[in-house]
Amino acid sequence: MLLTNLIEKSIHTLELPKILEMLKMHAVTDEGKQRAVALRPFSELERVARHQEETSAAVEYIILQGTPSFSGVRFIADSLQRADMGGVLNPKELLSIGAVLRSARQAKEYGQGEAKHTVIDQWFRSLTVNRLLEEAISNAIVGEDEIADSASPELASIRRHIRATSGKVRDLLNKLLASSQAKFLQETIITMRSGRFVVPVKSEHKNEIPGLVHDVSGSGSTFFVEPMSVVKANNELRELYANEEHEIERILSELSAQVAENRSEIEKNYELLVILDVIFAKGKLSISMKGKEPSLTENEMYLKKAKHPLIDPKDAVANDLYLGGEFETLVVTGPNTGGKTVTLKTIGLLTLMTQCGLHIPVEDGSLVAVRSQVLADIGDEQSIAQSLSTFSSHMTNIVAILEHIDDRALVLFDELGAGTDPVEGAALAVSIIEKVRSVGALILATTHYAELKVYAMSTVGVKNASCEFDVETLAPTYRLLIGVPGKSNAFAIAKRLGLSEEMIQSASERMDKENVDFEDVISQLNVERQNMEHETHTARLLRVQLENEKNRATRFREEMQIEREKVTEKARREAQEIIEEARRVSDETFKELKEMRKQAKRNATQNDNERRASLRKKLNDADDAFASKFEVEDRPMMRLAVDGDVVELLKFGKQATVLSVNKDGTLQLQAGIMRVSAKQEEVRVVEKQVVKKEVQVRKQAQRQLRNVPTSSELDLRGMTTDEAEMTLNRFIDQAMMGNLNSVTVIHGKGTGAVRKAVHLTLKRHKHVKSFRLGRFGEGEDGVTVVEMK
């Protein structure tokens, strides 16, 4: 048997194709599905590592950004070949190429998302975006059989003429339907024959309506006649349809030429999208089976809490599987239906999945040895047609395996030496194992023979293992026990099922004394093992509990320290910023006040009003800043609130009084008529000296503001209505801050637009008590006198 055939047979025996069918279900593209089922294990550790990293990267992308879209990506190689040879692609082919371009653009944008730098970024970066061709196709082609009017100006013009001419023909025919000639018609409808508008005429009146006959009904009772009145319009319509078809052919030819020019990059995009589709299919499969990326080694296997991926997770029993390292051969014994074969298949299948780049259902910390071959002889393959017994079929496979194994192979033997005389079978089994060991391969074998238990116990590099069996329930637990040889439990099972004690005793006497002693030793080992497992489990739980408590206390202390440092630093920084801002605004304000007082003595002009408005805006901004953040130069460091403190609720900006501090550090607060609870970090202590100085600063700023001289007259002449409204609002605010009782606004007579705008503004202003037009001597209709509140 050829090595490739032997490897392929082992792959099917271990049921890898079933896993690949699951992978296929997660792929989106047709070629991605084909590549998924055709996937085969890699034997080089570097390649396996790269594919494992790609799958892990896909999982990370899916978790952070969801799954990229590969929908619409179809096989386009034939279309690209035809376009390159000068052929004209049909709309369906062009839409498929447009879909590849669109998916490439979307995938490239997806690859620039939230996920950190990963090994599959190279695939995303290699994608080429051709927005020009993509949009040319999408704008020109609406569906598989429809070209958009916007495909070209010429096509749009032709179709406008078609619609107009069709409407003209219908109008002429509708007149016919509404005339006295309608009685000659079979039905009063307009239909088409051979691309021309016609009406159905009764056969006996076919000569009553002059025109061209294009068709006759099957019964001969109806003639489809094109009236002479529409022949010219129909001819024009046929010509337009021909022009439309020619223009569509030209558009498709032009798009096909563009596709041919960009063939190489389109082919590359398609290949990259299929690669990414398979990678993300692996990622989705990993998530669905809760798979993990194992660490890779040359010659050591450790599968932690491994489960067979084809068994329902609710029913599958997790086992720790070891191979390599201290021992390269594991001999599993125990009764039938105990789980030996499942164990064999689990380690073989998980190895194959790993080498295909798939994650496996194990826990973190698992190791998988990358092997050049995974060869298995599992199951009863006896064949009547080939005259092969169970023993012969096993030997045929084993001979082929022995011919091809090397030092990097993983060999799985199920019921080694079975189907023949037990003594001879056991001897053969030991010889076969020794032969494979001499090559350096890893071996996992199952057997019933007691001789192999003894061989495993007495041979360096060989380890016993067994599948646990519960004698009380007469059911296997499917737990693998490494280091403990299996026991048949035949007598115990027979006794539980009702076989008499006398018969069991008789059977025991017929057994060899050494075998009896050996079975007793195994029973004693099992009891001691169970007791040790129970004690170990209890100790592990206590250790985990203590570690959790320790970690929780450490995290709490660290978090408290970090939070304390953050609060202190933030308070210090905010205090310094407010001090610096207060100093700057104060210096600028008093400097400008001094200059304005000098200027006011010389000339109270309109420019003074604007400078005062700017100054007052700065003072108002400073006032607001002090109102929202009342820390001053001597603000103390932030401290924890205690009973009786006044605090500010940071979230709502409201003040409250601390009634009490709870044991967990939370505060009971009185905020008006309400009692609320809050954490220390949600409040800020309001120190009395801080509030007092904040009030002093605000009062001082307001006194300085009210001492600014303000003109009682405003001239708006020459301004637009918008300028006048803005200037008037500032002037009224200044008059209010200057404690003026009344002011005069000069707007002139003119068209009256500015006067109307002034009056509307004064009606809406909250500081205006009343206003009136000027009297004789005040300026009459050219001024408005305003009384302030």
# chains A, B, ... in the order shown; residues from 1 in each chain; ligands from 1
call {"tool": "residues_around", "arguments": {"residues": "Gly66 in chain A", "least_positions_apart": "4", "cutoff": "12 Å", "atoms": "only C-alpha atoms", "output": "ChimeraX atom specification"}}
result
/A:58-62,107,110-111,113-115,280,283-284
call {"tool": "write_last_selection", "arguments": {"atoms": "all heavy atoms", "output": "compact mmCIF listing (two decimals), in the first residue's frame"}}
result
# COMPACT_ATOMS: atom_id res chain seq x y z
N ALA A 58 -7.95 35.30 13.41
CA ALA A 58 -9.33 35.39 12.93
C ALA A 58 -10.31 35.42 14.10
O ALA A 58 -11.29 36.17 14.08
CB ALA A 58 -9.63 34.20 12.01
N VAL A 59 -10.05 34.61 15.11
CA VAL A 59 -10.91 34.62 16.31
C VAL A 59 -10.90 36.00 16.95
O VAL A 59 -11.95 36.53 17.34
CB VAL A 59 -10.44 33.54 17.32
CG1 VAL A 59 -11.18 33.68 18.64
CG2 VAL A 59 -10.66 32.15 16.75
N GLU A 60 -9.72 36.60 17.05
CA GLU A 60 -9.60 37.94 17.66
C GLU A 60 -10.39 38.97 16.85
O GLU A 60 -11.11 39.80 17.40
CB GLU A 60 -8.13 38.35 17.73
CG GLU A 60 -7.91 39.72 18.37
CD GLU A 60 -6.45 40.11 18.42
OE1 GLU A 60 -5.60 39.24 18.17
OE2 GLU A 60 -6.16 41.28 18.70
N TYR A 61 -10.25 38.91 15.52
CA TYR A 61 -10.99 39.84 14.66
C TYR A 61 -12.49 39.66 14.82
O TYR A 61 -13.25 40.64 14.92
CB TYR A 61 -10.62 39.61 13.19
CG TYR A 61 -9.50 40.49 12.68
CD1 TYR A 61 -8.23 39.98 12.48
CD2 TYR A 61 -9.72 41.83 12.40
CE1 TYR A 61 -7.19 40.77 12.00
CE2 TYR A 61 -8.70 42.63 11.92
CZ TYR A 61 -7.43 42.11 11.73
OH TYR A 61 -6.43 42.91 11.27
N ILE A 62 -12.95 38.40 14.84
CA ILE A 62 -14.40 38.13 14.95
C ILE A 62 -14.94 38.67 16.26
O ILE A 62 -16.02 39.26 16.30
CB ILE A 62 -14.66 36.62 14.81
CG1 ILE A 62 -14.34 36.16 13.38
CG2 ILE A 62 -16.12 36.29 15.14
CD1 ILE A 62 -14.33 34.65 13.21
N ALA A 107 -13.11 44.19 2.69
CA ALA A 107 -12.18 43.40 3.50
C ALA A 107 -10.96 44.23 3.90
O ALA A 107 -10.47 44.13 5.03
CB ALA A 107 -11.75 42.15 2.75
N TYR A 110 -12.04 46.43 6.62
CA TYR A 110 -12.21 45.61 7.82
C TYR A 110 -10.86 45.35 8.48
O TYR A 110 -10.74 45.39 9.71
CB TYR A 110 -12.87 44.29 7.43
CG TYR A 110 -13.00 43.27 8.54
CD1 TYR A 110 -14.14 43.22 9.34
CD2 TYR A 110 -11.99 42.34 8.78
CE1 TYR A 110 -14.26 42.27 10.35
CE2 TYR A 110 -12.10 41.40 9.79
CZ TYR A 110 -13.25 41.37 10.56
OH TYR A 110 -13.35 40.44 11.56
N GLY A 111 -9.83 45.09 7.67
CA GLY A 111 -8.50 44.79 8.20
C GLY A 111 -7.84 45.98 8.87
O GLY A 111 -6.81 45.82 9.53
N GLY A 113 -9.40 47.77 11.12
CA GLY A 113 -10.26 48.02 12.28
C GLY A 113 -9.53 47.96 13.59
O GLY A 113 -8.34 48.25 13.70
N GLU A 114 -10.27 47.51 14.64
CA GLU A 114 -9.79 47.60 16.03
C GLU A 114 -8.75 46.55 16.40
O GLU A 114 -7.99 46.75 17.33
CB GLU A 114 -10.98 47.45 16.98
CG GLU A 114 -12.06 48.50 16.78
CD GLU A 114 -13.26 48.22 17.68
OE1 GLU A 114 -13.12 47.45 18.64
OE2 GLU A 114 -14.33 48.77 17.40
N ALA A 115 -8.72 45.43 15.68
CA ALA A 115 -7.82 44.35 16.08
C ALA A 115 -6.36 44.81 16.01
O ALA A 115 -5.97 45.60 15.15
CB ALA A 115 -8.02 43.13 15.18
N PHE A 280 -11.10 32.60 8.18
CA PHE A 280 -12.19 33.01 9.08
C PHE A 280 -13.18 31.87 9.32
O PHE A 280 -13.84 31.85 10.36
CB PHE A 280 -12.88 34.26 8.53
CG PHE A 280 -12.18 35.53 8.88
CD1 PHE A 280 -11.19 36.05 8.07
CD2 PHE A 280 -12.48 36.20 10.06
CE1 PHE A 280 -10.51 37.21 8.41
CE2 PHE A 280 -11.81 37.36 10.42
CZ PHE A 280 -10.82 37.87 9.59
N GLY A 283 -11.71 30.26 12.18
CA GLY A 283 -11.99 31.06 13.38
C GLY A 283 -13.39 30.83 13.90
O GLY A 283 -13.62 30.68 15.11
N LYS A 284 -14.37 30.79 12.99
CA LYS A 284 -15.76 30.57 13.42
C LYS A 284 -15.95 29.16 13.97
O LYS A 284 -16.69 28.97 14.95
CB LYS A 284 -16.70 30.81 12.23
CG LYS A 284 -16.83 32.29 11.86
CD LYS A 284 -17.80 32.52 10.71
CE LYS A 284 -17.14 32.31 9.38
NZ LYS A 284 -18.01 32.69 8.24
call {"tool": "closest_atom_pairs", "arguments": {"of": "range 72-163 of chain A", "to": "range 256-268 of chain A", "cutoff": "6 Å", "atoms": "only C-alpha atoms", "output": "tab-separated table"}}
result
residue	atom	partner	partner_atom	distance
A:Ala83	CA	A:Ala260	CA	5.2
A:Asp84	CA	A:Ala260	CA	4.7
A:Val88	CA	A:Ser256	CA	5.7
A:Leu89	CA	A:Ser256	CA	5.8
call {"tool": "atom_distance", "arguments": {"atom1": "CA of Gly417 in chain A", "atom2": "CA of Leu16 in chain A"}}
result
25.7 Å
call {"tool": "select_by_dssp", "arguments": {"residues": "range 196-309 of chain A", "states": "alpha helix (DSSP H)", "output": "ChimeraX atom specification"}}
result
/A:231-261,263-288
